[in-house]
Structure formats: structure tokens, C-alpha cells
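As provided, run_2.txt (compact mmCIF, N, CA, C and O atoms) reads as follows.
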# COMPACT_ATOMS: atom_id res chain seq x y z
N ARG A 1 12.22 5.54 -8.54
CA ARG A 1 11.50 6.68 -8.02
C ARG A 1 10.29 6.98 -8.90
O ARG A 1 10.35 6.83 -10.12
N ASP A 2 9.27 7.45 -8.27
CA ASP A 2 8.07 7.82 -9.01
C ASP A 2 8.39 8.88 -10.06
O ASP A 2 9.13 9.83 -9.81
N GLY A 3 7.84 8.69 -11.25
CA GLY A 3 8.02 9.66 -12.32
C GLY A 3 9.36 9.59 -13.03
O GLY A 3 9.61 10.36 -13.95
N GLU A 4 10.22 8.67 -12.62
CA GLU A 4 11.53 8.54 -13.26
C GLU A 4 11.44 7.51 -14.38
O GLU A 4 10.93 6.41 -14.19
N LEU A 5 11.93 7.87 -15.56
CA LEU A 5 11.92 6.97 -16.71
C LEU A 5 13.16 6.09 -16.68
O LEU A 5 14.28 6.58 -16.65
N PHE A 6 12.94 4.77 -16.65
CA PHE A 6 14.02 3.80 -16.79
C PHE A 6 14.00 3.37 -18.25
O PHE A 6 12.98 2.93 -18.76
N GLU A 7 15.13 3.52 -18.95
CA GLU A 7 15.13 3.27 -20.39
C GLU A 7 16.37 2.50 -20.81
O GLU A 7 17.47 2.73 -20.30
N ILE A 8 16.17 1.57 -21.75
CA ILE A 8 17.28 0.85 -22.37
C ILE A 8 17.20 1.06 -23.88
O ILE A 8 16.16 1.44 -24.41
N GLN A 9 18.31 0.81 -24.56
CA GLN A 9 18.33 0.87 -26.02
C GLN A 9 18.80 -0.48 -26.54
O GLN A 9 19.76 -1.07 -26.02
N VAL A 10 18.11 -0.99 -27.56
CA VAL A 10 18.48 -2.26 -28.18
C VAL A 10 19.74 -2.02 -29.01
O VAL A 10 19.73 -1.21 -29.94
N GLU A 11 20.81 -2.71 -28.65
CA GLU A 11 22.08 -2.53 -29.35
C GLU A 11 22.31 -3.60 -30.41
O GLU A 11 23.01 -3.37 -31.39
N ARG A 12 21.77 -4.80 -30.19
CA ARG A 12 21.90 -5.86 -31.18
C ARG A 12 20.81 -6.89 -30.95
O ARG A 12 20.22 -6.96 -29.88
N MET A 13 20.55 -7.67 -31.97
CA MET A 13 19.53 -8.71 -31.92
C MET A 13 20.21 -10.07 -31.98
O MET A 13 21.26 -10.22 -32.62
N VAL A 14 19.61 -11.06 -31.35
CA VAL A 14 20.12 -12.43 -31.35
C VAL A 14 19.19 -13.26 -32.22
O VAL A 14 17.98 -13.32 -31.97
N ASP A 15 19.73 -13.91 -33.24
CA ASP A 15 18.91 -14.67 -34.19
C ASP A 15 18.30 -15.92 -33.58
O ASP A 15 17.22 -16.34 -33.96
N ARG A 16 18.99 -16.56 -32.64
CA ARG A 16 18.55 -17.85 -32.13
C ARG A 16 17.71 -17.73 -30.86
O ARG A 16 17.62 -18.66 -30.09
N TRP A 17 17.10 -16.60 -30.63
CA TRP A 17 16.31 -16.39 -29.42
C TRP A 17 14.87 -16.77 -29.67
O TRP A 17 14.29 -16.41 -30.68
N SER A 18 14.29 -17.52 -28.75
CA SER A 18 12.85 -17.80 -28.85
C SER A 18 12.18 -17.14 -27.67
O SER A 18 12.70 -17.15 -26.56
N GLY A 19 11.05 -16.53 -27.90
CA GLY A 19 10.36 -15.81 -26.83
C GLY A 19 10.39 -14.33 -27.10
O GLY A 19 10.72 -13.87 -28.19
N SER A 20 10.06 -13.57 -26.09
CA SER A 20 9.92 -12.13 -26.23
C SER A 20 10.84 -11.42 -25.26
O SER A 20 11.25 -11.98 -24.26
N ILE A 21 11.13 -10.17 -25.58
CA ILE A 21 11.74 -9.30 -24.58
C ILE A 21 10.69 -9.12 -23.49
O ILE A 21 9.51 -8.95 -23.78
N GLU A 22 11.11 -9.19 -22.26
CA GLU A 22 10.20 -8.99 -21.13
C GLU A 22 10.76 -7.87 -20.27
O GLU A 22 11.96 -7.84 -19.97
N ALA A 23 9.90 -6.94 -19.90
CA ALA A 23 10.33 -5.78 -19.12
C ALA A 23 9.26 -5.45 -18.11
O ALA A 23 8.07 -5.51 -18.40
N GLY A 24 9.70 -5.10 -16.91
CA GLY A 24 8.73 -4.76 -15.89
C GLY A 24 9.38 -4.28 -14.61
O GLY A 24 10.53 -3.85 -14.61
N VAL A 25 8.61 -4.38 -13.55
CA VAL A 25 9.08 -3.96 -12.24
C VAL A 25 8.73 -5.03 -11.21
O VAL A 25 7.79 -5.81 -11.39
N THR A 26 9.52 -5.07 -10.14
CA THR A 26 9.31 -6.04 -9.08
C THR A 26 9.62 -5.42 -7.72
O THR A 26 10.43 -4.50 -7.63
N LEU A 27 8.96 -5.94 -6.71
CA LEU A 27 9.27 -5.53 -5.34
C LEU A 27 10.44 -6.34 -4.77
O LEU A 27 10.95 -6.03 -3.69
N ILE A 28 10.86 -7.38 -5.48
CA ILE A 28 11.93 -8.25 -5.00
C ILE A 28 13.26 -7.50 -5.10
O ILE A 28 13.64 -7.03 -6.18
N LYS A 29 13.96 -7.39 -3.98
CA LYS A 29 15.26 -6.72 -3.98
C LYS A 29 16.24 -7.51 -4.84
O LYS A 29 16.21 -8.74 -4.86
N PRO A 30 17.11 -6.80 -5.58
CA PRO A 30 18.06 -7.51 -6.46
C PRO A 30 18.85 -8.60 -5.75
O PRO A 30 19.06 -9.68 -6.30
N GLU A 31 19.25 -8.35 -4.52
CA GLU A 31 20.05 -9.36 -3.80
C GLU A 31 19.22 -10.57 -3.37
O GLU A 31 19.77 -11.62 -3.04
N ASP A 32 17.89 -10.44 -3.39
CA ASP A 32 17.02 -11.56 -3.01
C ASP A 32 16.44 -12.30 -4.20
O ASP A 32 15.80 -13.34 -4.03
N LEU A 33 16.65 -11.80 -5.41
CA LEU A 33 16.05 -12.40 -6.60
C LEU A 33 16.84 -13.63 -7.03
O LEU A 33 18.04 -13.55 -7.27
N GLU A 34 16.16 -14.76 -7.08
CA GLU A 34 16.75 -15.97 -7.63
C GLU A 34 16.33 -16.01 -9.10
O GLU A 34 15.16 -16.19 -9.40
N PHE A 35 17.29 -15.82 -9.98
CA PHE A 35 16.98 -15.64 -11.40
C PHE A 35 16.35 -16.88 -12.00
O PHE A 35 16.95 -17.94 -12.01
N PRO A 36 15.12 -16.74 -12.49
CA PRO A 36 14.42 -17.86 -13.13
C PRO A 36 14.87 -18.01 -14.58
O PRO A 36 15.63 -17.18 -15.10
N ASN A 37 14.38 -19.06 -15.25
CA ASN A 37 14.68 -19.24 -16.68
C ASN A 37 14.11 -18.10 -17.51
O ASN A 37 14.70 -17.70 -18.51
N THR A 38 12.96 -17.61 -17.12
CA THR A 38 12.31 -16.50 -17.81
C THR A 38 11.59 -15.64 -16.78
O THR A 38 11.17 -16.14 -15.73
N MET A 39 11.46 -14.38 -17.09
CA MET A 39 10.84 -13.45 -16.15
C MET A 39 9.39 -13.83 -15.84
O MET A 39 8.88 -13.55 -14.77
N THR A 40 8.71 -14.47 -16.79
CA THR A 40 7.31 -14.86 -16.56
C THR A 40 7.18 -15.91 -15.46
O THR A 40 6.09 -16.16 -14.98
N ASP A 41 8.30 -16.52 -15.07
CA ASP A 41 8.27 -17.51 -13.98
C ASP A 41 8.26 -16.86 -12.59
O ASP A 41 8.09 -17.56 -11.59
N ILE A 42 8.46 -15.55 -12.52
CA ILE A 42 8.38 -14.87 -11.22
C ILE A 42 6.90 -14.71 -10.90
O ILE A 42 6.19 -13.96 -11.56
N ASP A 43 6.43 -15.42 -9.89
CA ASP A 43 4.98 -15.49 -9.64
C ASP A 43 4.51 -14.69 -8.42
O ASP A 43 3.45 -14.97 -7.87
N TYR A 44 5.28 -13.70 -8.03
CA TYR A 44 4.84 -12.81 -6.95
C TYR A 44 5.53 -11.45 -7.07
O TYR A 44 6.64 -11.35 -7.56
N ASP A 45 4.79 -10.41 -6.68
CA ASP A 45 5.32 -9.04 -6.57
C ASP A 45 5.99 -8.53 -7.84
O ASP A 45 6.97 -7.79 -7.78
N THR A 46 5.45 -8.90 -9.02
CA THR A 46 6.06 -8.51 -10.29
C THR A 46 4.99 -8.11 -11.30
O THR A 46 3.99 -8.81 -11.46
N TRP A 47 5.21 -7.00 -11.99
CA TRP A 47 4.34 -6.47 -13.04
C TRP A 47 5.19 -6.32 -14.28
O TRP A 47 6.26 -5.72 -14.22
N MET A 48 4.75 -6.85 -15.42
CA MET A 48 5.63 -6.87 -16.59
C MET A 48 4.87 -6.87 -17.89
O MET A 48 3.66 -7.09 -17.93
N LEU A 49 5.63 -6.64 -18.96
CA LEU A 49 5.12 -6.70 -20.32
C LEU A 49 5.94 -7.75 -21.06
O LEU A 49 7.17 -7.72 -21.04
N SER A 50 5.26 -8.71 -21.69
CA SER A 50 5.90 -9.75 -22.49
C SER A 50 5.23 -9.74 -23.86
O SER A 50 4.05 -10.07 -23.96
N GLY A 51 5.97 -9.34 -24.88
CA GLY A 51 5.35 -9.16 -26.19
C GLY A 51 4.38 -8.00 -26.09
O GLY A 51 4.76 -6.86 -25.86
N SER A 52 3.08 -8.29 -26.23
CA SER A 52 2.05 -7.25 -26.03
C SER A 52 1.11 -7.61 -24.88
O SER A 52 0.04 -7.04 -24.74
N ALA A 53 1.52 -8.58 -24.05
CA ALA A 53 0.71 -9.03 -22.92
C ALA A 53 1.20 -8.40 -21.62
O ALA A 53 2.38 -8.52 -21.27
N VAL A 54 0.31 -7.75 -20.91
CA VAL A 54 0.61 -7.20 -19.59
C VAL A 54 0.36 -8.31 -18.57
O VAL A 54 -0.68 -8.97 -18.60
N MET A 55 1.33 -8.52 -17.68
CA MET A 55 1.24 -9.63 -16.74
C MET A 55 1.47 -9.15 -15.31
O MET A 55 2.23 -8.21 -15.07
N LYS A 56 0.81 -9.82 -14.37
CA LYS A 56 1.02 -9.60 -12.95
C LYS A 56 1.27 -10.96 -12.32
O LYS A 56 0.47 -11.89 -12.49
N ASP A 57 2.41 -11.09 -11.66
CA ASP A 57 2.77 -12.33 -10.97
C ASP A 57 2.69 -13.54 -11.89
O ASP A 57 2.23 -14.62 -11.50
N GLY A 58 3.14 -13.38 -13.14
CA GLY A 58 3.19 -14.49 -14.08
C GLY A 58 1.90 -14.79 -14.81
O GLY A 58 1.85 -15.69 -15.64
N ASN A 59 0.83 -14.04 -14.54
CA ASN A 59 -0.46 -14.26 -15.19
C ASN A 59 -0.83 -13.08 -16.07
O ASN A 59 -0.71 -11.93 -15.65
N THR A 60 -1.32 -13.35 -17.27
CA THR A 60 -1.74 -12.30 -18.19
C THR A 60 -3.01 -11.63 -17.68
O THR A 60 -3.98 -12.31 -17.35
N VAL A 61 -2.98 -10.30 -17.60
CA VAL A 61 -4.16 -9.54 -17.17
C VAL A 61 -4.71 -8.66 -18.29
O VAL A 61 -5.83 -8.18 -18.20
N LYS A 62 -3.92 -8.46 -19.35
CA LYS A 62 -4.36 -7.64 -20.48
C LYS A 62 -3.58 -8.07 -21.71
O LYS A 62 -2.35 -8.15 -21.68
N ASN A 63 -4.29 -8.34 -22.80
CA ASN A 63 -3.66 -8.64 -24.09
C ASN A 63 -3.73 -7.43 -24.99
O ASN A 63 -4.56 -6.55 -24.80
N ASN A 64 -2.86 -7.41 -26.00
CA ASN A 64 -2.85 -6.36 -27.02
C ASN A 64 -2.66 -4.96 -26.43
O ASN A 64 -3.36 -4.03 -26.81
N TYR A 65 -1.72 -4.85 -25.51
CA TYR A 65 -1.35 -3.54 -24.98
C TYR A 65 -0.83 -2.69 -26.13
O TYR A 65 -0.44 -3.19 -27.17
N GLY A 66 -0.72 -1.40 -25.94
CA GLY A 66 -0.39 -0.42 -26.97
C GLY A 66 0.84 -0.70 -27.81
O GLY A 66 0.93 -0.26 -28.95
N CYS A 67 1.81 -1.44 -27.29
CA CYS A 67 3.00 -1.75 -28.07
C CYS A 67 3.27 -3.24 -27.98
O CYS A 67 2.76 -3.92 -27.10
N ASP A 68 4.08 -3.74 -28.90
CA ASP A 68 4.48 -5.14 -28.90
C ASP A 68 6.01 -5.17 -28.85
O ASP A 68 6.67 -4.74 -29.80
N LEU A 69 6.55 -5.68 -27.76
CA LEU A 69 8.00 -5.69 -27.60
C LEU A 69 8.69 -6.54 -28.66
O LEU A 69 9.88 -6.36 -28.93
N ASP A 70 7.94 -7.47 -29.28
CA ASP A 70 8.53 -8.30 -30.34
C ASP A 70 8.84 -7.49 -31.59
O ASP A 70 9.55 -7.97 -32.48
N SER A 71 8.32 -6.28 -31.70
CA SER A 71 8.56 -5.45 -32.88
C SER A 71 9.77 -4.53 -32.72
O SER A 71 10.10 -3.79 -33.65
N LEU A 72 10.44 -4.59 -31.58
CA LEU A 72 11.62 -3.74 -31.38
C LEU A 72 12.77 -4.19 -32.26
O LEU A 72 12.95 -5.38 -32.51
N ASN A 73 13.55 -3.23 -32.72
CA ASN A 73 14.73 -3.50 -33.55
C ASN A 73 15.92 -2.73 -33.00
O ASN A 73 15.77 -1.89 -32.09
N VAL A 74 17.09 -2.98 -33.57
CA VAL A 74 18.31 -2.28 -33.17
C VAL A 74 18.08 -0.78 -33.25
O VAL A 74 17.52 -0.27 -34.22
N GLY A 75 18.46 -0.09 -32.18
CA GLY A 75 18.32 1.35 -32.11
C GLY A 75 17.07 1.81 -31.38
O GLY A 75 16.99 2.96 -30.95
N HIS A 76 16.09 0.93 -31.26
CA HIS A 76 14.86 1.30 -30.54
C HIS A 76 15.15 1.43 -29.05
O HIS A 76 16.01 0.74 -28.50
N ARG A 77 14.40 2.32 -28.42
CA ARG A 77 14.50 2.53 -26.98
C ARG A 77 13.22 2.04 -26.31
O ARG A 77 12.12 2.29 -26.80
N LEU A 78 13.38 1.35 -25.20
CA LEU A 78 12.26 0.84 -24.40
C LEU A 78 12.39 1.44 -23.01
O LEU A 78 13.43 1.31 -22.37
N GLY A 79 11.33 2.09 -22.56
CA GLY A 79 11.34 2.69 -21.23
C GLY A 79 10.11 2.29 -20.45
O GLY A 79 9.11 1.83 -21.01
N MET A 80 10.19 2.47 -19.15
CA MET A 80 9.04 2.24 -18.28
C MET A 80 9.11 3.21 -17.12
O MET A 80 10.19 3.67 -16.73
N MET A 81 7.92 3.53 -16.59
CA MET A 81 7.82 4.50 -15.51
C MET A 81 6.64 4.15 -14.61
O MET A 81 5.56 3.87 -15.09
N ARG A 82 6.88 4.20 -13.31
CA ARG A 82 5.81 4.12 -12.32
C ARG A 82 5.51 5.54 -11.90
O ARG A 82 6.40 6.28 -11.49
N THR A 83 4.26 5.94 -12.02
CA THR A 83 3.88 7.31 -11.66
C THR A 83 3.54 7.40 -10.17
O THR A 83 3.36 6.38 -9.50
N ALA A 84 3.42 8.62 -9.69
CA ALA A 84 3.04 8.85 -8.28
C ALA A 84 1.64 8.31 -7.99
O ALA A 84 1.32 8.01 -6.84
N GLU A 85 0.83 8.13 -9.03
CA GLU A 85 -0.53 7.58 -8.87
C GLU A 85 -0.53 6.06 -8.86
O GLU A 85 -1.59 5.43 -8.71
N GLY A 86 0.63 5.44 -9.03
CA GLY A 86 0.73 3.98 -9.01
C GLY A 86 0.44 3.30 -10.33
O GLY A 86 0.19 2.10 -10.37
N THR A 87 0.51 4.06 -11.43
CA THR A 87 0.31 3.45 -12.75
C THR A 87 1.66 3.15 -13.38
O THR A 87 2.64 3.86 -13.16
N LEU A 88 1.70 2.07 -14.16
CA LEU A 88 2.91 1.69 -14.88
C LEU A 88 2.71 1.98 -16.36
O LEU A 88 1.72 1.53 -16.95
N HIS A 89 3.63 2.75 -16.92
CA HIS A 89 3.58 3.12 -18.34
C HIS A 89 4.83 2.59 -19.02
O HIS A 89 5.91 2.55 -18.43
N TYR A 90 4.69 2.22 -20.29
CA TYR A 90 5.82 1.85 -21.13
C TYR A 90 5.99 2.91 -22.21
O TYR A 90 5.02 3.53 -22.64
N PHE A 91 7.23 3.08 -22.65
CA PHE A 91 7.57 4.07 -23.67
C PHE A 91 8.39 3.38 -24.75
O PHE A 91 9.31 2.62 -24.44
N ILE A 92 8.05 3.65 -26.00
CA ILE A 92 8.84 3.17 -27.13
C ILE A 92 9.38 4.41 -27.83
O ILE A 92 8.61 5.27 -28.26
N ASN A 93 10.70 4.51 -27.89
CA ASN A 93 11.37 5.66 -28.50
C ASN A 93 10.83 6.97 -27.95
O ASN A 93 10.60 7.94 -28.68
N GLY A 94 10.59 7.00 -26.63
CA GLY A 94 10.14 8.20 -25.94
C GLY A 94 8.65 8.45 -25.98
O GLY A 94 8.17 9.38 -25.35
N GLU A 95 7.89 7.63 -26.70
CA GLU A 95 6.44 7.82 -26.82
C GLU A 95 5.68 6.97 -25.81
O GLU A 95 5.80 5.74 -25.81
N ASP A 96 4.91 7.63 -24.96
CA ASP A 96 4.12 6.95 -23.93
C ASP A 96 3.07 6.06 -24.58
O ASP A 96 2.28 6.51 -25.40
N GLN A 97 3.05 4.79 -24.21
CA GLN A 97 2.11 3.83 -24.77
C GLN A 97 0.82 3.73 -23.94
O GLN A 97 -0.05 2.92 -24.25
N GLY A 98 0.72 4.53 -22.89
CA GLY A 98 -0.48 4.53 -22.06
C GLY A 98 -0.32 3.68 -20.81
O GLY A 98 0.71 3.05 -20.59
N ILE A 99 -1.36 3.65 -20.02
CA ILE A 99 -1.33 2.90 -18.75
C ILE A 99 -1.36 1.40 -19.06
O ILE A 99 -2.27 0.91 -19.73
N ALA A 100 -0.36 0.70 -18.57
CA ALA A 100 -0.32 -0.76 -18.70
C ALA A 100 -0.96 -1.42 -17.49
O ALA A 100 -1.64 -2.43 -17.60
N MET A 101 -0.74 -0.82 -16.31
CA MET A 101 -1.19 -1.43 -15.06
C MET A 101 -1.45 -0.33 -14.04
O MET A 101 -0.76 0.67 -14.03
N GLU A 102 -2.43 -0.56 -13.19
CA GLU A 102 -2.72 0.35 -12.07
C GLU A 102 -2.45 -0.38 -10.77
O GLU A 102 -2.38 -1.60 -10.73
N GLY A 103 -2.28 0.38 -9.70
CA GLY A 103 -2.09 -0.20 -8.38
C GLY A 103 -0.71 -0.78 -8.13
O GLY A 103 -0.53 -1.65 -7.28
N VAL A 104 0.30 -0.29 -8.86
CA VAL A 104 1.67 -0.75 -8.66
C VAL A 104 2.24 -0.01 -7.44
O VAL A 104 2.25 1.22 -7.41
N PRO A 105 2.71 -0.75 -6.43
CA PRO A 105 3.17 -0.09 -5.20
C PRO A 105 4.51 0.64 -5.38
O PRO A 105 5.19 0.45 -6.38
N THR A 106 4.85 1.43 -4.41
CA THR A 106 6.14 2.12 -4.42
C THR A 106 7.26 1.14 -4.09
O THR A 106 7.01 0.05 -3.60
N GLY A 107 8.47 1.55 -4.37
CA GLY A 107 9.65 0.75 -4.00
C GLY A 107 9.97 -0.38 -4.96
O GLY A 107 10.60 -1.36 -4.56
N VAL A 108 9.57 -0.25 -6.22
CA VAL A 108 9.83 -1.32 -7.19
C VAL A 108 11.19 -1.13 -7.87
O VAL A 108 11.74 -0.04 -7.91
N TYR A 109 11.70 -2.25 -8.39
CA TYR A 109 12.95 -2.27 -9.14
C TYR A 109 12.66 -2.67 -10.59
O TYR A 109 11.80 -3.51 -10.83
N ALA A 110 13.39 -2.10 -11.53
CA ALA A 110 13.22 -2.45 -12.94
C ALA A 110 13.84 -3.83 -13.19
O ALA A 110 14.87 -4.18 -12.61
N VAL A 111 13.19 -4.60 -14.08
CA VAL A 111 13.68 -5.92 -14.48
C VAL A 111 13.53 -6.05 -15.99
O VAL A 111 12.48 -5.74 -16.55
N ILE A 112 14.59 -6.51 -16.67
CA ILE A 112 14.58 -6.73 -18.11
C ILE A 112 15.06 -8.15 -18.37
O ILE A 112 16.05 -8.59 -17.81
N ASP A 113 14.35 -8.86 -19.23
CA ASP A 113 14.77 -10.22 -19.62
C ASP A 113 14.70 -10.31 -21.13
O ASP A 113 13.68 -10.14 -21.74
Can I see the file as C-alpha cells?
Amino acid sequence: RDGELFEIQVERMVDRWSGSIEAGVTLIKPEDLEFPNTMTDIDYDTWMLSGSAVMKDGNTVKNNYGCDLDSLNVGHRLGMMRTAEGTLHYFINGEDQGIAMEGVPTGVYAVID
């Protein structure tokens, strides 16, 4: 829903992980999503943040966004919100990091990888 904050908390870290936490929204219904190896492989109807890169449909549209998901540690909270104006915002520990993307349609689902 517009204006609703979707938030997760990092409970533990995995030492053998390569890549970044990826978080975003998609128009793909959960029952229709064929889970790819990585969220960046979803090449349609998806807006996301990978590290500090804002991506749309698997392509980087903005580098060096306000936060870097690679800097998250145990206890940190990561949130995202689509506003009524169609902007996507990310939150770190409750602090708004600013507009990541504009023109995000209604009816999206949260996705975390």
C-alpha cells in the first residue's frame, strides 16, 4: 500500500556470501515469480537497490544512492516505501535515504534477496 513502510531487520550475516543484499519492489505476483539466481536477473516490472546502485528491470539507472546495502550489519533495519506520488524510498534504521526512483506504479510487491 502507498505510504506503508516494509521493513526487515538483519539478524545474522553469512561469511561465504558474494554479492550484495538486494531489495526492491515488483509488479510480478508472488505466485507468478520464477525465482532467479539473483534479483538483478529479473528484467521486467522490477525496481530495486543492489549495494548503492538503483536498478530498473535489471539495469542500473543511478549509482551512489544515499545508502549502501553492503554496509548493513546485524541489528540494522532496512525499509522501503512507495509513496502516493509513485516515488520509491529506502530507509536505514528508520532514516529516509531520499527518492531512489520515480514513476513506480501501484500494486507492487516487496522483494528481498
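Neighbours of range 56-64 of chain A closer than or equal to 4.5 Å, with all atoms listed in the file counted and sequence neighbours fewer than 3 positions away skipped, come out as Thr40, Ile42, Asp43, Tyr44, Thr46, Ser52 and Ala53 of chain A.
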- Atom pair CA of Gln9 in chain A + atom O of Phe91 in chain A, distance 9.3 Å
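Of note, CA of Val54 in chain A and CA of Cys67 in chain A are spaced 10.4 Å apart.
Note that the spacing between CA of Leu49 in chain A and CA of Val25 in chain A amounts to 9.4 Å.
Restricting the calculation to only C-alpha atoms, the smallest distance between Leu72 in chain A and any of A:Thr87, A:Asn93, A:Thr106, A:Thr26 is found for A:Asn93.
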- Item | Who sits within 9 Å of Tyr90 in chain A, only C-alpha atoms, same chain under 5 positions skipped, as a ChimeraX atom specification | /A:24,49,66-67,78-81,95-100
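Distance annotation: of A:His89, A:Arg16, A:Arg1, A:Arg77, the residue with the minimal separation from Gly107 in chain A is A:Arg1; atom set is only C-alpha atoms.
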